[in-house]
$ cat structure_4.tsv   # TSV, C-alpha atoms
chain	number	residue	atom	x	y	z
A	16	MET	CA	89.14	171.51	104.05
A	17	GLU	CA	87.80	168.38	105.71
A	18	VAL	CA	88.98	164.90	104.81
A	19	LEU	CA	86.81	161.93	105.73
A	20	LEU	CA	88.56	158.62	106.17
A	21	MET	CA	86.40	155.53	105.66
A	22	CYS	CA	87.81	152.64	107.62
A	23	SER	CA	86.32	149.18	107.57
A	24	SER	CA	85.81	147.49	110.89
A	25	ARG	CA	87.62	144.25	111.59
A	26	MET	CA	84.77	143.27	113.89
A	27	THR	CA	82.31	142.49	111.07
A	28	LYS	CA	79.68	140.04	112.31
A	29	LYS	CA	81.48	139.80	115.64
A	30	ILE	CA	79.69	142.57	117.48
A	31	GLY	CA	76.19	142.89	118.80
A	32	ARG	CA	74.01	140.40	120.62
A	33	LYS	CA	75.33	136.87	120.50
A	34	LYS	CA	73.26	134.30	118.61
A	35	ILE	CA	71.34	131.93	120.84
A	36	GLN	CA	72.51	128.41	120.18
A	37	ILE	CA	69.95	125.65	119.62
A	38	ASP	CA	70.74	121.97	119.68
A	39	LEU	CA	69.03	121.10	116.41
A	40	GLU	CA	69.93	117.43	116.88
A	41	MET	CA	67.26	117.32	119.59
A	42	MET	CA	64.60	118.13	116.99
A	43	SER	CA	64.57	114.57	115.68
A	44	LEU	CA	63.70	113.35	119.18
A	45	ILE	CA	60.59	115.54	119.40
A	46	PRO	CA	57.40	113.93	117.99
A	47	PHE	CA	56.10	115.44	114.75
A	48	GLY	CA	52.80	116.26	116.44
A	49	ARG	CA	54.58	118.73	118.73
A	50	ARG	CA	56.17	120.58	115.79
A	51	THR	CA	53.12	121.60	113.76
A	52	ASN	CA	53.51	125.38	114.26
A	53	ILE	CA	55.91	127.91	115.78
A	54	ARG	CA	54.04	128.03	119.10
A	55	SER	CA	54.18	124.27	119.70
A	56	THR	CA	57.77	124.09	118.44
A	57	THR	CA	58.92	126.79	120.87
A	58	LYS	CA	57.32	124.90	123.76
A	59	ALA	CA	59.07	121.71	122.71
A	60	PHE	CA	62.43	123.51	122.46
A	61	GLY	CA	61.95	125.69	125.53
A	62	MET	CA	62.90	128.75	123.45
A	63	SER	CA	61.18	131.99	122.55
A	64	LYS	CA	59.07	132.27	119.41
A	65	THR	CA	61.41	134.93	118.02
A	66	THR	CA	64.42	132.63	118.30
A	67	VAL	CA	62.69	129.77	116.50
A	68	TRP	CA	61.32	132.14	113.85
A	69	ARG	CA	64.83	133.44	113.13
A	70	ARG	CA	66.11	129.89	112.73
A	71	ILE	CA	63.36	129.29	110.19
A	72	LYS	CA	64.36	132.43	108.29
A	73	ASP	CA	68.05	131.51	108.14
A	74	GLY	CA	67.26	127.94	107.07
A	75	SER	CA	68.44	126.15	110.21
A	76	ILE	CA	64.87	124.88	110.66
A	77	LYS	CA	62.99	123.87	107.52
A	78	ALA	CA	59.26	124.52	107.16
A	79	HIS	CA	57.43	121.61	105.55
A	80	SER	CA	53.82	121.18	104.41
A	81	ASN	CA	52.68	117.59	104.70
A	82	ALA	CA	49.70	116.17	102.81
A	83	ILE	CA	47.94	112.95	103.71
A	84	LYS	CA	48.53	110.21	101.15
A	85	PRO	CA	46.35	107.17	100.48
A	86	GLY	CA	47.12	104.16	102.61
A	87	PHE	CA	47.85	100.92	100.75
A	88	SER	CA	47.11	97.33	101.50
A	89	LEU	CA	49.57	94.65	100.44
A	90	LYS	CA	47.33	93.83	97.47
A	91	THR	CA	47.37	97.45	96.25
A	92	ARG	CA	51.14	97.74	96.49
A	93	ILE	CA	51.52	94.57	94.44
A	94	ALA	CA	49.14	95.98	91.82
A	95	ARG	CA	51.16	99.22	91.67
A	96	LEU	CA	54.38	97.28	91.20
A	97	LYS	CA	52.91	95.15	88.41
A	98	HIS	CA	51.47	98.21	86.67
A	99	CYS	CA	54.82	100.01	86.66
A	100	LEU	CA	56.74	96.92	85.52
A	101	GLU	CA	54.31	96.43	82.64
A	102	MET	CA	55.11	99.95	81.43
A	103	LEU	CA	58.82	99.12	81.04
A	104	ASP	CA	60.52	98.37	77.75
A	105	GLU	CA	63.33	95.97	78.66
A	106	SER	CA	64.23	95.19	75.05
A	107	VAL	CA	66.72	98.09	75.17
A	108	SER	CA	69.57	98.66	77.59
A	109	PRO	CA	69.20	100.50	79.86
A	110	ALA	CA	65.47	99.82	80.15
A	111	VAL	CA	63.12	102.76	79.61
A	112	PHE	CA	59.48	103.37	80.34
A	113	SER	CA	57.00	103.17	77.50
A	114	GLY	CA	56.30	106.38	75.61
A	115	MET	CA	52.58	105.82	76.33
A	116	TYR	CA	51.59	106.95	72.85
A	117	ASP	CA	49.02	104.14	72.72
A	118	ARG	CA	47.22	105.12	75.94
A	119	ILE	CA	44.49	107.59	76.80
A	120	HIS	CA	44.16	108.74	80.39
A	121	ILE	CA	40.56	109.37	81.47
A	122	ASP	CA	39.46	110.72	84.81
A	123	GLU	CA	36.70	112.80	86.40
A	124	LYS	CA	37.21	116.01	88.36
A	125	TRP	CA	34.96	118.25	90.45
A	126	PHE	CA	35.49	121.95	89.80
A	127	TYR	CA	34.13	124.23	92.53
A	128	MET	CA	32.65	127.65	91.95
A	129	SER	CA	34.69	129.02	94.84
A	130	LYS	CA	36.96	127.92	97.67
A	131	THR	CA	36.08	127.78	101.36
A	132	THR	CA	39.08	130.01	102.05
A	133	GLN	CA	40.11	132.50	99.37
A	134	LYS	CA	42.99	134.97	99.40
A	135	TYR	CA	42.50	138.44	97.90
A	136	TYR	CA	44.76	141.44	97.41
A	137	LEU	CA	42.99	144.65	98.43
A	138	HIS	CA	43.58	148.37	98.46
A	139	PRO	CA	44.31	149.64	102.00
A	140	MET	CA	41.01	151.56	102.03
A	141	GLU	CA	39.01	148.83	100.29
A	142	ALA	CA	36.46	146.79	102.21
A	143	PRO	CA	37.00	142.99	102.01
A	144	PRO	CA	34.35	141.01	100.10
A	145	VAL	CA	31.64	139.17	101.99
A	146	ARG	CA	31.00	135.61	100.84
A	147	ARG	CA	28.12	133.58	102.22
A	148	CYS	CA	26.53	130.22	101.59
A	149	THR	CA	24.10	128.03	103.48
A	150	SER	CA	26.74	125.39	104.09
A	151	LYS	CA	30.29	124.72	102.95
A	152	ASN	CA	29.04	121.38	101.70
A	153	PHE	CA	26.78	123.12	99.17
A	154	ILE	CA	29.28	125.22	97.25
A	155	PRO	CA	28.22	124.96	93.57
A	156	LYS	CA	30.37	122.51	91.67
A	157	VAL	CA	30.38	120.71	88.34
A	158	MET	CA	31.90	117.35	87.42
A	159	PHE	CA	34.01	117.16	84.26
A	160	LEU	CA	35.41	114.17	82.41
A	161	SER	CA	38.84	114.65	80.86
A	162	ALA	CA	40.54	112.47	78.24
A	163	LEU	CA	44.22	113.06	77.46
A	164	ALA	CA	46.80	111.40	75.25
A	165	ARG	CA	50.46	112.20	74.85
A	166	PRO	CA	51.18	115.01	72.37
A	167	ARG	CA	52.92	113.97	69.17
A	168	TYR	CA	53.32	114.78	65.50
A	169	ASP	CA	50.59	113.17	63.43
A	170	GLU	CA	52.18	111.99	60.18
A	171	TYR	CA	48.83	111.12	58.58
A	172	VAL	CA	47.50	114.67	58.61
A	173	ASN	CA	50.95	116.30	58.70
A	174	THR	CA	50.21	118.40	61.78
A	175	PRO	CA	51.02	118.29	65.52
A	176	PHE	CA	48.51	116.66	67.88
A	177	ASP	CA	48.23	118.46	71.22
A	178	GLY	CA	46.96	115.40	73.11
A	179	LYS	CA	43.70	117.04	74.22
A	180	ILE	CA	40.90	114.66	73.25
A	181	GLY	CA	38.10	116.30	75.18
A	182	MET	CA	36.71	117.84	78.36
A	183	TRP	CA	33.01	117.18	79.02
A	184	ALA	CA	30.84	118.72	81.72
A	185	PHE	CA	28.04	116.85	83.52
A	186	ILE	CA	25.52	119.52	84.42
A	187	PHE	CA	22.24	117.71	84.86
A	188	MET	CA	20.47	119.79	87.51
A	189	GLU	CA	19.08	116.89	89.53
A	190	ALA	CA	19.21	116.04	93.22
A	191	ALA	CA	21.52	113.16	94.01
A	192	LYS	CA	19.83	109.98	95.19
A	193	ARG	CA	21.65	108.35	98.05
A	194	LYS	CA	21.64	104.76	99.08
A	195	SER	CA	19.49	103.79	102.07
A	196	LYS	CA	18.09	100.66	103.67
A	197	ASN	CA	14.87	101.08	101.65
A	198	ARG	CA	16.38	101.47	98.18
A	199	VAL	CA	19.66	101.53	96.33
A	200	ALA	CA	21.07	104.55	94.58
A	201	ASP	CA	20.29	104.73	90.86
A	202	ASN	CA	22.78	107.38	89.82
A	203	ALA	CA	25.27	106.72	87.06
A	204	ARG	CA	28.55	105.24	88.27
A	205	PRO	CA	31.76	107.04	87.24
A	206	HIS	CA	33.44	103.89	85.91
A	207	ILE	CA	32.39	101.06	83.60
A	208	ALA	CA	33.48	97.45	83.43
A	209	ILE	CA	36.36	96.35	81.21
A	210	GLY	CA	34.01	94.33	78.98
A	211	ASP	CA	31.22	96.92	78.83
A	212	GLU	CA	28.98	96.04	75.88
A	213	GLN	CA	28.20	99.60	74.81
A	214	PHE	CA	31.88	100.52	74.79
A	215	CYS	CA	32.89	97.42	72.85
A	216	GLU	CA	30.12	98.01	70.30
A	217	ALA	CA	31.15	101.64	69.79
A	218	VAL	CA	34.76	100.53	69.24
A	219	ARG	CA	33.66	97.96	66.64
A	220	GLN	CA	31.58	100.54	64.77
A	221	PHE	CA	34.60	102.81	64.36
A	222	GLY	CA	36.90	99.92	63.44
A	223	LEU	CA	39.27	100.61	66.32
A	224	ASP	CA	41.31	98.39	68.58
A	225	ALA	CA	40.71	100.06	71.96
A	226	ARG	CA	40.57	98.34	75.33
A	227	ILE	CA	39.82	99.57	78.83
A	228	CYS	CA	42.41	99.11	81.55
A	229	PHE	CA	42.23	100.41	85.10
A	230	GLN	CA	45.00	102.02	87.09
A	231	PRO	CA	45.68	100.55	90.55
A	232	PRO	CA	43.26	101.73	93.27
A	233	ASN	CA	44.07	104.82	95.36
A	234	SER	CA	46.79	105.79	92.89
A	235	PRO	CA	46.32	109.35	91.64
A	236	ASP	CA	50.07	109.46	91.00
A	237	LEU	CA	49.55	107.02	88.09
A	238	ASN	CA	47.13	109.20	86.10
A	239	VAL	CA	48.29	112.31	84.24
A	240	ASN	CA	45.02	114.09	85.00
A	241	ASP	CA	45.39	113.86	88.78
A	242	LEU	CA	49.16	114.10	88.71
A	243	GLY	CA	49.37	117.61	87.30
A	244	TYR	CA	46.95	118.44	84.54
A	245	PHE	CA	43.89	119.12	86.72
A	246	ARG	CA	45.97	121.34	88.95
A	247	SER	CA	47.17	123.46	86.05
A	248	ILE	CA	43.73	124.10	84.55
A	249	ASP	CA	42.28	124.57	88.05
A	250	GLU	CA	44.55	127.58	88.51
A	251	HIS	CA	43.52	129.01	85.13
A	252	GLN	CA	39.85	128.39	85.87
A	253	HIS	CA	39.89	130.32	89.15
A	254	SER	CA	41.54	133.28	87.41
A	255	LYS	CA	38.24	133.75	85.49
A	256	ALA	CA	36.30	134.23	88.77
A	257	PRO	CA	33.04	132.55	87.67
A	258	ASN	CA	29.77	133.49	89.40
A	259	THR	CA	27.37	131.05	87.73
A	260	VAL	CA	27.48	127.43	86.60
A	261	PRO	CA	27.57	128.37	82.87
A	262	GLU	CA	30.51	130.71	83.60
A	263	LEU	CA	32.25	127.91	85.50
A	264	VAL	CA	31.78	125.50	82.59
A	265	ALA	CA	32.96	128.11	80.09
A	266	GLY	CA	36.01	128.91	82.22
A	267	VAL	CA	37.06	125.27	82.56
A	268	GLU	CA	36.57	124.59	78.85
A	269	LYS	CA	38.54	127.71	77.94
A	270	SER	CA	41.36	126.68	80.26
A	271	PHE	CA	41.33	123.24	78.62
A	272	ARG	CA	41.71	124.77	75.16
A	273	GLU	CA	44.45	127.19	76.25
A	274	CYS	CA	46.54	124.59	78.07
A	275	PRO	CA	49.78	124.24	76.05
A	276	SER	CA	50.71	120.84	74.66
A	277	TYR	CA	54.22	120.95	76.12
A	278	LEU	CA	52.70	121.04	79.60
A	279	ILE	CA	50.78	117.82	78.90
A	280	ASN	CA	53.96	116.20	77.60
A	281	ASN	CA	55.78	117.29	80.78
A	282	VAL	CA	53.13	115.60	82.93
A	283	PHE	CA	53.60	112.35	80.98
A	284	LEU	CA	57.33	112.53	81.76
A	285	THR	CA	56.54	113.25	85.41
A	286	LEU	CA	54.35	110.13	85.41
A	287	GLN	CA	57.34	108.07	84.27
A	288	THR	CA	59.53	109.50	87.04
A	289	CYS	CA	56.79	108.63	89.55
A	290	MET	CA	56.66	105.05	88.28
A	291	ASN	CA	60.44	104.87	88.71
A	292	GLU	CA	60.09	106.00	92.33
A	293	ILE	CA	57.24	103.53	92.92
A	294	LEU	CA	59.51	100.70	91.80
A	295	LYS	CA	62.23	101.94	94.16
A	296	LYS	CA	59.72	102.03	97.04
A	297	LYS	CA	58.32	98.59	96.11
A	298	GLY	CA	54.84	99.91	95.40
A	299	ASP	CA	54.62	102.50	98.17
A	300	ASN	CA	53.92	106.23	97.72
A	301	ASP	CA	56.43	107.49	100.30
A	302	TYR	CA	58.47	109.50	97.82
A	303	TYR	CA	58.93	113.01	96.49
A	304	ILE	CA	58.28	113.69	92.82
A	305	PRO	CA	61.73	114.17	91.25
A	306	HIS	CA	62.50	117.44	89.49
A	307	MET	CA	64.35	117.19	86.19
A	308	LYS	CA	64.30	120.88	85.10
A	309	LYS	CA	62.11	120.25	82.07
A	310	ASP	CA	61.92	123.91	81.05
A	311	HIS	CA	65.71	124.09	80.85
A	312	LEU	CA	65.91	120.84	78.90
A	313	ILE	CA	63.29	122.15	76.47
A	314	ARG	CA	65.31	125.34	75.85
A	315	ILE	CA	68.49	123.41	75.06
A	316	GLY	CA	66.62	120.74	73.08
A	317	GLU	CA	67.56	117.82	75.34
A	318	LEU	CA	64.19	116.86	76.85
A	319	PRO	CA	64.03	113.04	76.82
A	320	THR	CA	61.09	111.12	75.37
A	321	CYS	CA	61.26	108.32	77.93
A	322	ILE	CA	62.80	107.98	81.39
A	323	GLN	CA	65.42	105.32	82.03
A	324	CYS	CA	65.16	102.82	84.87
A	325	ASP	CA	68.19	101.20	86.47
A	326	SER	CA	68.46	97.44	86.23
A	327	GLU	CA	69.03	97.20	90.01
A	328	VAL	CA	65.67	98.87	90.63
A	329	ILE	CA	63.89	96.49	88.24
A	330	THR	CA	65.53	93.44	89.79
A	331	ALA	CA	64.62	94.52	93.33
A	332	ALA	CA	61.01	95.17	92.31
A	333	LYS	CA	60.67	91.75	90.68
A	334	GLU	CA	62.16	90.06	93.73
A	335	ALA	CA	59.64	91.88	95.91
A	336	LEU	CA	56.82	90.45	93.81
A	337	GLN	CA	58.18	86.94	94.27
A	338	ALA	CA	58.16	87.30	98.05
A	339	PRO	CA	55.64	90.12	98.66
A	340	GLN	CA	54.52	89.16	102.16
A	341	HIS	CA	58.07	89.46	103.43
A	342	GLN	CA	59.75	92.32	101.61
A	343	LEU	CA	56.78	94.65	101.17
A	344	TYR	CA	55.55	94.17	104.71
A	345	GLN	CA	59.05	94.75	106.09
A	346	GLN	CA	59.42	98.03	104.17
A	347	GLU	CA	55.98	99.18	105.36
A	348	ASN	CA	57.06	98.71	108.98
A	349	GLU	CA	60.30	100.61	108.35
A	350	THR	CA	58.39	103.66	107.03
A	351	PRO	CA	58.36	106.35	109.80
A	352	HIS	CA	54.91	107.43	110.96
A	353	GLU	CA	53.84	110.28	113.17

$ encode --input "structure_4.tsv" --output "structure tokens"
Amino acid sequence: MEVLLMCSSRMTKKIGRKKIQIDLEMMSLIPFGRRTNIRSTTKAFGMSKTTVWRRIKDGSIKAHSNAIKPGFSLKTRIARLKHCLEMLDESVSPAVFSGMYDRIHIDEKWFYMSKTTQKYYLHPMEAPPVRRCTSKNFIPKVMFLSALARPRYDEYVNTPFDGKIGMWAFIFMEAAKRKSKNRVADNARPHIAIGDEQFCEAVRQFGLDARICFQPPNSPDLNVNDLGYFRSIDEHQHSKAPNTVPELVAGVEKSFRECPSYLINNVFLTLQTCMNEILKKKGDNDYYIPHMKKDHLIRIGELPTCIQCDSEVITAAKEALQAPQHQLYQQENETPHE
């Protein structure tokens, strides 16, 4: 009879090849441009690619994807500050952002038939698809106009309103006319003036009190369409894999109809958190969108209607408006650049 004794080693994690130590404090001294991939990072560290890759896997080195953001002039940052302050309700304490139930967000979006680079999942014996076009600049695309309001319960008709006012496609098959020294372009402009006569007349005919107001320039983070809604329906649209313009239009419209109302409401809350961060940054966009675990708050029934804003943040933003050329310019110089 054989008896096997299982003994645990006291040398757990103390045997084998010793871990190569890296002075991670030196990383902050290396320019960002020399840390764009593993190859350039290893050259900057003087280490092997395997060593750096293992530090990325264990979390000692964090991988980060950086997107270019719009650059702001002093005038634009002041406009962003004023816009966010106007959306505050300071009649309550602490102050909260407006519920935005009286606003409609309108924006245009180009939806492409395909992407320049597309990922597929294939069978090991399956040949990859071949995609060709004359030029990457001529991938078929269609412009849509989206109008969204915040979802709510409509007491007049005793039914919920999902906030989706409409999604319209512009599919006139006509060559674009560009501006030159001999003539000016005569295409329709995407925006209209605040006092546009046709708009005002249409509002009067329906007996409404509607006015046009513009968001600050270069501020996609202040429009619910750009902030998250377009991204969500863009993902649904590409899952339909359209091959023709009518299929593209049908896919986008179907994604618009199927988009749940709670998602639109979540984007409106995200917009309020962005405005709170804009006030903290004194009109700048050097911030990360805060996460508030909306799905969890929905499940426990504690999702807020409006986001609070600290009085210190409001006071600092108002002081920055009173002396913009000093405080805003100073903060812009303190922002680290590559």

$ residues_around --input "structure_4.tsv" --residues "region 336-338 of chain A" --least-positions-apart "6" --cutoff "9 Å" --atoms "all atoms listed in the file" --output "PyMOL selection string"
chain A and resi 93+96-97+297

$ residues_around --input "structure_4.tsv" --residues "Pro155 (chain A)" --least-positions-apart "5" --cutoff "8 Å" --atoms "only C-alpha atoms" --output "count of residues only"
4

$ residues_around --input "structure_4.tsv" --residues "region 298-315 of chain A" --least-positions-apart "6" --cutoff "7 Å" --atoms "all atoms listed in the file" --output "ChimeraX atom specification"
/A:92-93,95-96,288-289,292

$ atom_distance --input "structure_4.tsv" --atom1 "CA of Val67 (chain A)" --atom2 "CA of Asn81 (chain A)"
19.7 Å

$ closest_residue --input "structure_4.tsv" --among "A:His98, A:Ile71, A:Ile248, A:Ile37" --to "Ile293 (chain A)" --atoms "only C-alpha atoms"
A:His98

$ atom_distance --input "structure_4.tsv" --atom1 "CA of Tyr277 (chain A)" --atom2 "CA of Pro235 (chain A)"
20.9 Å

$ residues_around --input "structure_4.tsv" --residues "Ser270 (chain A)" --least-positions-apart "3" --cutoff "9 Å" --atoms "all atoms listed in the file" --output "ChimeraX atom specification"
/A:247-252,265-267,273-274

$ atom_distance --input "structure_4.tsv" --atom1 "CA of Gly181 (chain A)" --atom2 "CA of Leu163 (chain A)"
7.3 Å

$ residues_around --input "structure_4.tsv" --residues "Phe176 (chain A)" --least-positions-apart "2" --cutoff "7 Å" --atoms "all atoms listed in the file" --output "list in words"
Pro166, Arg167, Tyr168, Asp169, Thr174 and Gly178 of chain A

$ closest_residue --input "structure_4.tsv" --among "A:Asn238, A:Gly61, A:Ile322, A:Ile209" --to "Ser113 (chain A)" --atoms "all atoms listed in the file"
A:Ile322

$ closest_residue --input "structure_4.tsv" --among "A:Tyr171, A:Tyr116, A:Phe271, A:Phe87" --to "Phe245 (chain A)" --atoms "all atoms listed in the file"
A:Phe271

$ closest_residue --input "structure_4.tsv" --among "A:Phe60, A:Phe214, A:Phe159, A:Phe153" --to "Ile227 (chain A)" --atoms "all atoms listed in the file"
A:Phe214

$ closest_residue --input "structure_4.tsv" --among "A:Ser276, A:Ser161, A:Arg147, A:Met290" --to "Thr132 (chain A)" --atoms "all atoms listed in the file"
A:Arg147

$ build_atoms --input "structure_4.tsv" --residues "region 254-271 of chain A" --atoms "N, CA, C and O atoms" --output "PDB file, keeping the file's coordinate frame"
ATOM      1  N   SER A 254      41.190 131.922  87.826  1.00  0.00           N
ATOM      2  CA  SER A 254      41.540 133.280  87.410  1.00  0.00           C
ATOM      3  C   SER A 254      40.391 133.950  86.668  1.00  0.00           C
ATOM      4  O   SER A 254      40.371 135.174  86.537  1.00  0.00           O
ATOM      5  N   LYS A 255      39.404 133.172  86.183  1.00  0.00           N
ATOM      6  CA  LYS A 255      38.240 133.750  85.490  1.00  0.00           C
ATOM      7  C   LYS A 255      37.176 134.233  86.461  1.00  0.00           C
ATOM      8  O   LYS A 255      36.281 134.970  86.063  1.00  0.00           O
ATOM      9  N   ALA A 256      37.255 133.826  87.741  1.00  0.00           N
ATOM     10  CA  ALA A 256      36.300 134.230  88.770  1.00  0.00           C
ATOM     11  C   ALA A 256      34.862 134.032  88.331  1.00  0.00           C
ATOM     12  O   ALA A 256      34.097 134.985  88.193  1.00  0.00           O
ATOM     13  N   PRO A 257      34.412 132.791  88.105  1.00  0.00           N
ATOM     14  CA  PRO A 257      33.040 132.550  87.670  1.00  0.00           C
ATOM     15  C   PRO A 257      32.042 132.800  88.801  1.00  0.00           C
ATOM     16  O   PRO A 257      32.336 132.578  89.975  1.00  0.00           O
ATOM     17  N   ASN A 258      30.841 133.254  88.430  1.00  0.00           N
ATOM     18  CA  ASN A 258      29.770 133.490  89.400  1.00  0.00           C
ATOM     19  C   ASN A 258      28.578 132.574  89.191  1.00  0.00           C
ATOM     20  O   ASN A 258      27.733 132.453  90.075  1.00  0.00           O
ATOM     21  N   THR A 259      28.472 131.948  88.035  1.00  0.00           N
ATOM     22  CA  THR A 259      27.370 131.050  87.730  1.00  0.00           C
ATOM     23  C   THR A 259      27.923 129.757  87.169  1.00  0.00           C
ATOM     24  O   THR A 259      29.101 129.670  86.771  1.00  0.00           O
ATOM     25  N   VAL A 260      27.060 128.720  87.138  1.00  0.00           N
ATOM     26  CA  VAL A 260      27.480 127.430  86.600  1.00  0.00           C
ATOM     27  C   VAL A 260      27.881 127.532  85.125  1.00  0.00           C
ATOM     28  O   VAL A 260      28.909 126.981  84.729  1.00  0.00           O
ATOM     29  N   PRO A 261      27.113 128.225  84.264  1.00  0.00           N
ATOM     30  CA  PRO A 261      27.570 128.370  82.870  1.00  0.00           C
ATOM     31  C   PRO A 261      28.933 129.055  82.763  1.00  0.00           C
ATOM     32  O   PRO A 261      29.750 128.688  81.912  1.00  0.00           O
ATOM     33  N   GLU A 262      29.201 130.055  83.629  1.00  0.00           N
ATOM     34  CA  GLU A 262      30.510 130.710  83.600  1.00  0.00           C
ATOM     35  C   GLU A 262      31.603 129.755  84.063  1.00  0.00           C
ATOM     36  O   GLU A 262      32.727 129.785  83.537  1.00  0.00           O
ATOM     37  N   LEU A 263      31.283 128.905  85.046  1.00  0.00           N
ATOM     38  CA  LEU A 263      32.250 127.910  85.500  1.00  0.00           C
ATOM     39  C   LEU A 263      32.581 126.930  84.392  1.00  0.00           C
ATOM     40  O   LEU A 263      33.760 126.628  84.144  1.00  0.00           O
ATOM     41  N   VAL A 264      31.562 126.438  83.692  1.00  0.00           N
ATOM     42  CA  VAL A 264      31.780 125.500  82.590  1.00  0.00           C
ATOM     43  C   VAL A 264      32.589 126.159  81.479  1.00  0.00           C
ATOM     44  O   VAL A 264      33.546 125.577  80.944  1.00  0.00           O
ATOM     45  N   ALA A 265      32.229 127.400  81.149  1.00  0.00           N
ATOM     46  CA  ALA A 265      32.960 128.110  80.090  1.00  0.00           C
ATOM     47  C   ALA A 265      34.408 128.355  80.482  1.00  0.00           C
ATOM     48  O   ALA A 265      35.317 128.248  79.649  1.00  0.00           O
ATOM     49  N   GLY A 266      34.643 128.672  81.771  1.00  0.00           N
ATOM     50  CA  GLY A 266      36.010 128.910  82.220  1.00  0.00           C
ATOM     51  C   GLY A 266      36.868 127.665  82.179  1.00  0.00           C
ATOM     52  O   GLY A 266      38.036 127.716  81.766  1.00  0.00           O
ATOM     53  N   VAL A 267      36.307 126.520  82.589  1.00  0.00           N
ATOM     54  CA  VAL A 267      37.060 125.270  82.560  1.00  0.00           C
ATOM     55  C   VAL A 267      37.358 124.853  81.126  1.00  0.00           C
ATOM     56  O   VAL A 267      38.478 124.447  80.792  1.00  0.00           O
ATOM     57  N   GLU A 268      36.367 124.965  80.253  1.00  0.00           N
ATOM     58  CA  GLU A 268      36.570 124.590  78.850  1.00  0.00           C
ATOM     59  C   GLU A 268      37.593 125.505  78.176  1.00  0.00           C
ATOM     60  O   GLU A 268      38.402 125.056  77.364  1.00  0.00           O
ATOM     61  N   LYS A 269      37.563 126.789  78.509  1.00  0.00           N
ATOM     62  CA  LYS A 269      38.540 127.710  77.940  1.00  0.00           C
ATOM     63  C   LYS A 269      39.947 127.395  78.436  1.00  0.00           C
ATOM     64  O   LYS A 269      40.922 127.433  77.663  1.00  0.00           O
ATOM     65  N   SER A 270      40.067 127.059  79.726  1.00  0.00           N
ATOM     66  CA  SER A 270      41.360 126.680  80.260  1.00  0.00           C
ATOM     67  C   SER A 270      41.881 125.397  79.612  1.00  0.00           C
ATOM     68  O   SER A 270      43.082 125.236  79.392  1.00  0.00           O
ATOM     69  N   PHE A 271      40.949 124.477  79.302  1.00  0.00           N
ATOM     70  CA  PHE A 271      41.330 123.240  78.620  1.00  0.00           C
ATOM     71  C   PHE A 271      41.894 123.541  77.233  1.00  0.00           C
ATOM     72  O   PHE A 271      42.916 122.989  76.826  1.00  0.00           O
TER      73      PHE A 271
END
